[in-house]
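J.: File entry-v6.pdb follows (PDB, C-alpha atoms and all ligand atoms):
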ATOM      1  CA  MET A 284      12.047   6.215   8.408
ATOM      2  CA  SER A 285      13.790   4.457  10.998
ATOM      3  CA  ALA A 286      14.827   2.015  13.534
ATOM      4  CA  ASP A 287      11.378   1.284  14.874
ATOM      5  CA  MET A 288       9.987   0.015  11.563
ATOM      6  CA  ASP A 289       8.388  -3.363  12.089
ATOM      7  CA  PHE A 290      10.328  -6.060  10.202
ATOM      8  CA  ARG A 291       9.894  -9.660  11.184
ATOM      9  CA  LEU A 292      10.659 -13.093   9.846
ATOM     10  CA  GLU A 293       7.930 -15.463   8.762
ATOM     11  CA  ASP A 294       9.890 -18.626   8.136
ATOM     12  CA  ILE A 295       7.554 -20.024   5.508
ATOM     13  CA  ASP A 296       7.751 -21.074   1.856
ATOM     14  CA  ASP A 297       5.731 -20.038  -1.201
ATOM     15  CA  ALA A 298       3.217 -22.853  -0.693
ATOM     16  CA  GLU A 299       2.485 -21.665   2.847
ATOM     17  CA  ILE A 300       2.132 -18.057   1.656
ATOM     18  CA  ALA A 301      -0.375 -19.245  -0.958
ATOM     19  CA  ARG A 302      -2.242 -21.282   1.655
ATOM     20  CA  ARG A 303      -2.527 -18.320   4.030
ATOM     21  CA  LEU A 304      -3.611 -16.003   1.221
ATOM     22  CA  SER A 305      -6.268 -18.513   0.159
ATOM     23  CA  ILE A 306      -7.817 -18.083   3.620
ATOM     24  CA  VAL A 307      -7.383 -14.361   4.297
ATOM     25  CA  GLU A 308      -8.091 -12.898   0.858
ATOM     26  CA  PRO A 309     -11.658 -14.263   0.699
ATOM     27  CA  LEU A 310     -12.198 -13.004   4.283
ATOM     28  CA  THR A 311     -10.960  -9.534   3.277
ATOM     29  CA  ASP A 312     -13.200  -9.631   0.202
ATOM     30  CA  SER A 313     -16.165 -10.494   2.416
ATOM     31  CA  VAL A 314     -15.416  -7.498   4.644
ATOM     32  CA  ARG A 315     -15.189  -5.248   1.557
ATOM     33  CA  ASP A 316     -18.536  -6.633   0.508
ATOM     34  CA  LEU A 317     -19.878  -5.839   3.985
ATOM     35  CA  VAL A 318     -18.643  -2.234   3.750
ATOM     36  CA  ASP A 319     -20.293  -1.850   0.347
ATOM     37  CA  ALA A 320     -23.518  -3.416   1.627
ATOM     38  CA  VAL A 321     -23.657  -1.088   4.653
ATOM     39  CA  ILE A 322     -23.280   1.934   2.379
ATOM     40  CA  ARG A 323     -25.873   0.840  -0.163
ATOM     41  CA  THR A 324     -28.458  -1.127   1.820
ATOM     42  CA  GLU A 325     -32.013   0.155   2.057
ATOM     43  CA  VAL A 326     -33.278  -2.374   4.606
ATOM     44  CA  ASP A 327     -35.266  -1.084   7.572
ATOM     45  CA  ASP A 328     -33.903   0.045  10.952
ATOM     46  CA  ALA A 329     -34.644  -3.284  12.678
ATOM     47  CA  GLU A 330     -32.520  -5.078  10.081
ATOM     48  CA  LEU A 331     -29.722  -2.526  10.513
ATOM     49  CA  ILE A 332     -29.734  -3.071  14.295
ATOM     50  CA  ALA A 333     -29.777  -6.867  13.879
ATOM     51  CA  ALA A 334     -26.862  -6.632  11.436
ATOM     52  CA  ARG A 335     -24.888  -4.533  13.908
ATOM     53  CA  THR A 336     -25.366  -7.147  16.657
ATOM     54  CA  ALA A 337     -24.176  -9.912  14.317
ATOM     55  CA  ILE A 338     -21.135  -7.891  13.208
ATOM     56  CA  GLU A 339     -20.178  -7.070  16.804
ATOM     57  CA  ALA A 340     -20.189 -10.798  17.584
ATOM     58  CA  ILE A 341     -17.783 -11.441  14.695
ATOM     59  CA  VAL A 342     -15.484  -8.627  15.870
ATOM     60  CA  THR A 343     -15.376 -10.168  19.355
ATOM     61  CA  ARG A 344     -14.387 -13.556  17.844
ATOM     62  CA  LEU A 345     -11.584 -12.004  15.774
ATOM     63  CA  ARG A 346     -10.245  -9.979  18.706
ATOM     64  CA  ALA A 347      -9.768 -13.163  20.779
ATOM     65  CA  ARG A 348      -6.132 -13.058  19.579
ATOM     66  CA  GLN A 349      -4.647 -10.043  17.822
ATOM     67  CA  LYS A 350      -1.475  -8.008  17.234
ATOM     68  CA  ASP A 351      -0.754  -4.972  19.409
ATOM     69  CA  LYS A 352      -0.434  -2.454  16.557
ATOM     70  CA  GLY A 353      -0.459  -2.654  12.768
ATOM     71  CA  TYR A 354       0.318  -5.778  10.768
ATOM     72  CA  GLY A 355       3.883  -4.638   9.966
ATOM     73  CA  VAL A 356       5.869  -6.095   7.105
ATOM     74  CA  ALA A 357       6.916  -9.726   7.375
ATOM     75  CA  PHE A 358       9.664 -11.207   5.175
ATOM     76  CA  THR A 359      10.499 -14.798   4.337
ATOM     77  CA  ARG A 360      14.143 -15.934   4.450
ATOM     78  CA  ASP A 361      14.399 -15.350   0.696
ATOM     79  CA  PHE A 362      13.146 -11.786   1.258
ATOM     80  CA  THR A 363       9.622 -12.093  -0.066
ATOM     81  CA  GLY A 364       7.710  -9.259   1.623
ATOM     82  CA  MET A 365       4.200  -9.688   3.005
ATOM     83  CA  PRO A 366       2.832  -6.161   3.517
ATOM     84  CA  TRP A 367      -0.631  -7.577   4.145
ATOM     85  CA  GLY A 368      -1.851  -4.613   6.204
ATOM     86  CA  ASN A 369      -0.894  -2.019   3.542
ATOM     87  CA  ALA A 370      -3.628   0.633   3.156
ATOM     88  CA  ALA A 371      -3.594   0.469  -0.660
ATOM     89  CA  THR A 372      -2.800  -3.162  -1.444
ATOM     90  CA  GLY A 373      -2.846  -5.190   1.797
ATOM     91  CA  ALA A 374      -4.219  -8.703   1.397
ATOM     92  CA  ARG A 375      -5.722  -8.496   4.907
ATOM     93  CA  ASN A 376      -6.893  -4.896   4.622
ATOM     94  CA  ALA A 377     -10.489  -4.443   3.511
ATOM     95  CA  VAL A 378      -9.956  -0.669   3.446
ATOM     96  CA  ALA A 379      -7.589  -1.236   0.519
ATOM     97  CA  PRO A 380      -9.245  -1.690  -2.832
ATOM     98  CA  PRO A 381      -7.957  -5.016  -4.121
ATOM     99  CA  LEU A 382      -5.169  -3.286  -6.091
ATOM    100  CA  ARG A 383      -2.362  -5.474  -7.407
ATOM    101  CA  LEU A 384       0.492  -3.799  -9.278
ATOM    102  CA  SER A 385       3.041  -5.457 -11.534
ATOM    103  CA  LYS A 386       6.054  -4.204 -13.484
ATOM    104  CA  VAL A 387       6.502  -5.062 -17.151
ATOM    105  CA  ASP A 388       9.189  -3.462 -19.339
ATOM    106  CA  GLY A 389       9.724  -0.601 -16.884
ATOM    107  CA  VAL A 390       6.017   0.249 -16.557
ATOM    108  CA  THR A 391       4.126  -0.451 -13.341
ATOM    109  CA  ARG A 392       0.490  -1.196 -13.995
ATOM    110  CA  GLY A 393      -2.622  -2.214 -12.105
ATOM    111  CA  ASP A 394      -6.361  -2.372 -12.660
ATOM    112  CA  VAL A 395      -8.933  -1.976  -9.916
ATOM    113  CA  VAL A 396     -12.644  -1.313  -9.586
ATOM    114  CA  LEU A 397     -13.466   1.549  -7.202
ATOM    115  CA  GLY A 398     -16.963   1.131  -5.792
ATOM    116  CA  ALA A 399     -19.167   2.998  -3.332
ATOM    117  CA  ALA A 400     -16.591   2.849  -0.517
ATOM    118  CA  TYR A 401     -14.291   5.203  -2.435
ATOM    119  CA  GLU A 402     -16.775   7.966  -3.220
ATOM    120  CA  GLY A 403     -16.028  11.665  -2.790
ATOM    121  CA  PRO A 404     -18.098  13.874  -5.086
ATOM    122  CA  GLY A 405     -21.367  12.032  -5.822
ATOM    123  CA  GLY A 406     -20.685   9.068  -8.122
ATOM    124  CA  HIS A 407     -16.987   9.911  -8.348
ATOM    125  CA  VAL A 408     -13.734   8.842  -6.715
ATOM    126  CA  HIS A 409     -12.552  10.751  -3.623
ATOM    127  CA  GLY A 410      -9.429  12.803  -4.333
ATOM    128  CA  GLY A 411      -7.669  11.324  -1.316
ATOM    129  CA  ILE A 412      -8.254   7.812  -2.619
ATOM    130  CA  ALA A 413      -6.765   8.771  -6.001
ATOM    131  CA  ALA A 414      -3.741  10.200  -4.163
ATOM    132  CA  LEU A 415      -3.454   7.043  -2.025
ATOM    133  CA  LEU A 416      -3.413   4.786  -5.069
ATOM    134  CA  LEU A 417      -0.960   7.037  -6.911
ATOM    135  CA  ASP A 418       1.305   7.121  -3.835
ATOM    136  CA  GLN A 419       1.404   3.334  -3.743
ATOM    137  CA  LEU A 420       1.975   3.266  -7.509
ATOM    138  CA  VAL A 421       4.970   5.610  -7.383
ATOM    139  CA  GLY A 422       6.309   3.710  -4.351
ATOM    140  CA  GLU A 423       6.237   0.368  -6.125
ATOM    141  CA  THR A 424       7.559   1.938  -9.334
ATOM    142  CA  ALA A 425      10.589   3.366  -7.514
ATOM    143  CA  ALA A 426      11.236   0.218  -5.444
ATOM    144  CA  ALA A 427      14.180  -1.817  -6.676
ATOM    145  CA  ASP A 428      15.226  -5.285  -5.571
ATOM    146  CA  ASN A 429      12.485  -5.271  -2.905
ATOM    147  CA  MET A 430      14.091  -2.231  -1.221
ATOM    148  CA  PRO A 431      11.610   0.616  -0.855
ATOM    149  CA  SER A 432      11.964   4.295  -1.502
ATOM    150  CA  PHE A 433       9.771   6.648   0.504
ATOM    151  CA  THR A 434       7.641   9.407  -0.881
ATOM    152  CA  GLY A 435       9.416  12.720  -0.314
ATOM    153  CA  THR A 436       7.101  14.848  -2.420
ATOM    154  CA  LEU A 437       3.948  13.798  -4.247
ATOM    155  CA  THR A 438       2.388  16.380  -6.569
ATOM    156  CA  VAL A 439      -1.110  15.401  -7.668
ATOM    157  CA  ARG A 440      -3.017  17.072 -10.501
ATOM    158  CA  TYR A 441      -6.719  16.334 -10.854
ATOM    159  CA  LEU A 442      -7.561  16.768 -14.549
ATOM    160  CA  ARG A 443     -11.229  15.811 -14.372
ATOM    161  CA  PRO A 444     -13.488  13.882 -11.964
ATOM    162  CA  THR A 445     -12.967  10.102 -11.963
ATOM    163  CA  PRO A 446     -16.261   8.185 -12.135
ATOM    164  CA  LEU A 447     -16.649   5.259  -9.712
ATOM    165  CA  GLY A 448     -15.901   2.030 -11.572
ATOM    166  CA  PRO A 449     -12.871   0.475 -13.227
ATOM    167  CA  VAL A 450      -9.631   2.450 -13.283
ATOM    168  CA  THR A 451      -6.104   1.731 -14.468
ATOM    169  CA  LEU A 452      -2.878   2.919 -12.855
ATOM    170  CA  THR A 453       0.398   3.238 -14.741
ATOM    171  CA  GLY A 454       3.739   4.494 -13.483
ATOM    172  CA  ARG A 455       7.232   4.905 -14.863
ATOM    173  CA  VAL A 456      10.583   6.194 -13.620
ATOM    174  CA  THR A 457      11.516   9.442 -15.330
ATOM    175  CA  GLY A 458      14.950   9.926 -13.786
ATOM    176  CA  THR A 459      17.309   9.220 -10.906
ATOM    177  CA  GLU A 460      19.742  11.399  -8.987
ATOM    178  CA  GLY A 461      21.702   9.825  -6.142
ATOM    179  CA  ARG A 462      19.167   8.384  -3.681
ATOM    180  CA  LYS A 463      16.292  10.170  -5.446
ATOM    181  CA  THR A 464      14.051   8.546  -8.041
ATOM    182  CA  PHE A 465      11.586  10.653 -10.033
ATOM    183  CA  VAL A 466       8.351   8.906 -10.968
ATOM    184  CA  HIS A 467       5.355   9.888 -13.073
ATOM    185  CA  GLY A 468       2.053   8.145 -12.392
ATOM    186  CA  GLU A 469      -1.368   8.245 -14.004
ATOM    187  CA  LEU A 470      -4.834   7.114 -13.013
ATOM    188  CA  SER A 471      -7.177   6.620 -15.983
ATOM    189  CA  ASP A 472     -10.722   5.614 -16.764
ATOM    190  CA  ALA A 473     -11.896   4.259 -20.124
ATOM    191  CA  ASP A 474     -11.731   7.764 -21.618
ATOM    192  CA  GLY A 475      -8.161   8.555 -20.580
ATOM    193  CA  VAL A 476      -6.149  10.104 -17.752
ATOM    194  CA  THR A 477      -8.164  11.677 -14.929
ATOM    195  CA  VAL A 478      -5.418  12.228 -12.315
ATOM    196  CA  GLU A 479      -1.652  12.442 -12.725
ATOM    197  CA  ALA A 480       1.145  12.613 -10.201
ATOM    198  CA  ASP A 481       4.826  13.385 -10.098
ATOM    199  CA  ALA A 482       6.834  12.113  -7.181
ATOM    200  CA  VAL A 483      10.277  12.489  -5.704
ATOM    201  CA  MET A 484      10.982   9.136  -4.091
ATOM    202  CA  ILE A 485      13.938   8.900  -1.729
ATOM    203  CA  ARG A 486      15.900   5.916  -0.490
ATOM    204  CA  PRO A 487      16.515   7.203   3.050
ATOM    205  CA  LYS A 488      20.129   7.389   4.150
ATOM    206  CA  SER A 489      19.099   5.888   7.474
ATOM    207  CA  PHE A 490      17.261   2.887   6.071
ATOM    208  CA  PRO A 491      18.878  -0.452   6.860
ATOM    209  CA  SER A 492      20.449  -2.246   3.904
ATOM    210  CA  ARG A 493      18.980  -5.459   2.580
ATOM    211  CA  ASP A 494      21.748  -7.418   4.353
ATOM    212  CA  GLN A 495      20.945  -5.670   7.650
ATOM    213  CA  ILE A 496      17.246  -6.447   7.333
ATOM    214  CA  SER A 497      18.042  -9.995   6.385
ATOM    215  CA  ALA A 498      20.299 -10.361   9.430
ATOM    216  CA  ALA A 499      17.675  -8.749  11.640
ATOM    217  CA  ILE A 500      14.799 -10.972  10.627
ATOM    218  CA  THR A 501      16.910 -14.090  10.993
ATOM    219  CA  GLY A 502      17.948 -13.000  14.485
ATOM    220  CA  HIS A 503      21.600 -12.116  13.859
ATOM    221  CA  ASP A 504      21.334  -8.377  14.226
ATOM    222  CA  THR A 505      18.901  -5.552  14.881
ATOM    223  CA  PRO A 506      18.001  -3.194  12.068
ATOM    224  CA  THR A 507      19.329   0.188  12.983
ATOM    225  CA  ALA A 508      18.807   3.557  11.445
ATOM    226  CA  ASP A 509      22.403   4.534  11.978
ATOM    227  CA  LYS A 510      24.174   2.866   9.104
ATOM    228  CA  PRO A 511      23.788   4.803   5.874
ATOM    229  CA  THR A 512      22.724   2.881   2.815
ATOM    230  CA  PRO A 513      25.243   3.108   0.014
TER
HETATM  231  C1  LIG A 601       7.365  -1.205  -1.827
HETATM  232  C2  LIG A 601       6.287  -0.137  -2.007
HETATM  233  C3  LIG A 601       5.906   0.621  -0.755
HETATM  234  C4  LIG A 601       5.067   1.802  -1.148
HETATM  235  C5  LIG A 601       4.745   2.688   0.011
HETATM  236  C6  LIG A 601       4.033   3.952  -0.499
HETATM  237  C7  LIG A 601       4.959   5.127  -0.413
HETATM  238  C8  LIG A 601       4.726   5.852   0.897
HETATM  239  O1  LIG A 601       3.642   6.216   1.246
HETATM  240  S1  LIG A 601       6.102   6.141   1.896
HETATM  241  C9  LIG A 601       5.362   6.969   3.316
HETATM  242  C10 LIG A 601       5.237   8.461   3.128
HETATM  243  N1  LIG A 601       6.558   9.073   3.155
HETATM  244  C11 LIG A 601       7.171   9.314   4.323
HETATM  245  O2  LIG A 601       6.680   9.054   5.400
HETATM  246  C12 LIG A 601       8.556   9.909   4.198
HETATM  247  C13 LIG A 601       8.891  10.784   5.426
HETATM  248  N2  LIG A 601      10.164  11.466   5.219
HETATM  249  C14 LIG A 601      11.329  10.814   5.428
HETATM  250  O3  LIG A 601      11.388   9.672   5.905
HETATM  251  C15 LIG A 601      12.603  11.533   5.055
HETATM  252  O4  LIG A 601      12.391  12.932   5.171
HETATM  253  C16 LIG A 601      13.035  11.186   3.598
HETATM  254  C17 LIG A 601      13.268   9.685   3.497
HETATM  255  C18 LIG A 601      11.988  11.633   2.571
HETATM  256  C19 LIG A 601      14.344  11.921   3.306
HETATM  257  O5  LIG A 601      15.220  11.626   4.337
HETATM  258  P1  LIG A 601      16.814  11.606   4.138
HETATM  259  O6  LIG A 601      17.264  10.309   3.573
HETATM  260  O7  LIG A 601      17.390  11.962   5.474
HETATM  261  O8  LIG A 601      17.018  12.747   3.081
HETATM  262  P2  LIG A 601      18.187  13.800   2.962
HETATM  263  O9  LIG A 601      19.506  13.084   3.129
HETATM  264  O10 LIG A 601      17.935  14.982   3.843
HETATM  265  O11 LIG A 601      17.989  14.285   1.457
HETATM  266  C20 LIG A 601      18.357  13.450   0.358
HETATM  267  C21 LIG A 601      17.966  14.201  -0.911
HETATM  268  O12 LIG A 601      16.521  14.201  -1.000
HETATM  269  C22 LIG A 601      16.021  15.556  -1.003
HETATM  270  N3  LIG A 601      14.826  15.559  -0.176
HETATM  271  C23 LIG A 601      14.732  15.343   1.146
HETATM  272  N4  LIG A 601      13.447  15.361   1.553
HETATM  273  C24 LIG A 601      12.728  15.623   0.444
HETATM  274  C25 LIG A 601      11.333  15.756   0.219
HETATM  275  N5  LIG A 601      10.441  15.623   1.208
HETATM  276  N6  LIG A 601      10.921  15.993  -1.038
HETATM  277  C26 LIG A 601      11.806  16.116  -2.063
HETATM  278  N7  LIG A 601      13.149  15.979  -1.910
HETATM  279  C27 LIG A 601      13.592  15.747  -0.655
HETATM  280  C28 LIG A 601      17.134  16.398  -0.412
HETATM  281  O13 LIG A 601      17.067  17.724  -0.885
HETATM  282  C29 LIG A 601      18.366  15.668  -0.900
HETATM  283  O14 LIG A 601      18.592  16.033  -2.241
HETATM  284  P3  LIG A 601      20.100  16.221  -2.803
HETATM  285  O15 LIG A 601      20.738  14.870  -2.690
HETATM  286  O16 LIG A 601      19.930  16.676  -4.202
HETATM  287  O17 LIG A 601      20.730  17.233  -1.894
END
Could you take the file, read its structure, and then write that structure out as structure tokens?
Ligand SMILES: CCCCCCCC(=O)SCCNC(=O)CCNC(=O)[C@H](O)C(C)(C)COP(=O)(O)OP(=O)(O)OC[C@H]1O[C@@H](n2cnc3c(N)ncnc32)[C@H](O)[C@@H]1OP(=O)(O)O
T.:
Amino acid sequence: MSADMDFRLEDIDDAEIARRLSIVEPLTDSVRDLVDAVIRTEVDDAELIAARTAIEAIVTRLRARQKDKGYGVAFTRDFTGMPWGNAATGARNAVAPPLRLSKVDGVTRGDVVLGAAYEGPGGHVHGGIAALLLDQLVGETAAADNMPSFTGTLTVRYLRPTPLGPVTLTGRVTGTEGRKTFVHGELSDADGVTVEADAVMIRPKSFPSRDQISAAITGHDTPTADKPTP
């Protein structure tokens, strides 16, 4: 993890973040709805072709101005992160189920409904999706003071198939050793745990410190991979 990670400053306050989210989150929800509708629709071929033409027109409108690559991670001056393209939780990413995680008393928790877009075995959640959500869970569980740790090793154990529908994620730190944080995570349905994971999360030695990132996004420095974090 390194020097070319995309940090940038968005010099905005909480009210502006809320305003932007109030516009993009409903758009992202609409796209999720579109994905679900395309999977489950039983309309005839003419309707499918008409829908495709309409969708292509929308794509052309959105591409009128766009970023070169991914969304990256923007920070405000007070270091609020906006990882809105994140594959598991991004507010602008319709591929992400609308997962929101929060930490209370050392336990990270989130509830999400996994619909048709997340199917693997018929009627059940794809194993890769379970691993994606657990990876995000252990990442946010290990993160401290907004500074991330990266997944070094993620061991996933599928105990039984997870039916499509509501699931709960819970994660807790089980130990630390230098730059390593050990995390246990669980994905459960109403009847209990279906998938569990153990992760070794690592704060990379080459990751810029919070002060370096702060200086970089406010234009006083460039984040480099060369200065070890303490
Ligand atoms: C805020 C929430 C964000 C959530 C995001 C979701 C989480 C993610 O998906 S992160 C993306 C997926 N992960 C990656 O891409 C990581 C890619 N790998 C790397 O960047 C590096 O190899 C990294 C950071 C894991 C280790 O790099 P580095 O800091 O140089 O480690 P290094 O100094 O060699 O080793 C430090 C310690 O970790 C151990 N270690 C190194 N790599 C691993 C590994 N892959 N697994 C387990 N342990 C490891 C070493 O043995 C060493 O242990 P000890 O201190 O006991 O000797």
J.: Given the choices A:Pro431, A:Pro404, A:Pro449, A:Gly364, which gets closest to ligand LIG 601 (chain A) if the distance is worked out from all atoms listed in the file?
T.: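 Residue with the minimum atom-to-atom distance to ligand LIG 601 (chain A): A:Pro431.
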J.: Got a sec to resolve the PyMOL selection byres (((chain A and resi 375-391) around 7) and not hetatm) on this structure and send the residues as a ChimeraX atom specification?
T.: /A:307-308,311-312,314-315,367-374,392-395,397,424,453-455
J.: Check every protein, DNA and RNA residue against ligand LIG 601 (chain A), keep those with an atom at most 9 Å away (counting all atoms listed in the file), and present them as an NGL selection string.
T.: :A and (284-285 or 364 or 366 or 369 or 371 or 415-427 or 429-437 or 460-463 or 482-490 or 511)
J.: Just checking: using only C-alpha atoms, which residue out of A:Pro444, A:Asp481, A:Leu292, A:Ala334 ends up closest to Thr464 (chain A)?
T.: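 Checking each of A:Pro444, A:Asp481, A:Leu292, A:Ala334 against Thr464 (chain A), counting only C-alpha atoms, the winner is A:Asp481.
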J.: How far is it from CA of Glu325 (chain A) to CA of Leu310 (chain A), in Å with one decimal?
T.: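 Rounded to one decimal, the two atoms are 23.9 Å apart.
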J.: Counting all atoms listed in the file, figure out which residue out of A:Gln495, A:Thr477, A:Thr445, A:Thr459 gets nearest to Phe362 (chain A).
T.: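 When distances to Phe362 (chain A) are compared using all atoms listed in the file, the smallest one comes from A:Gln495.
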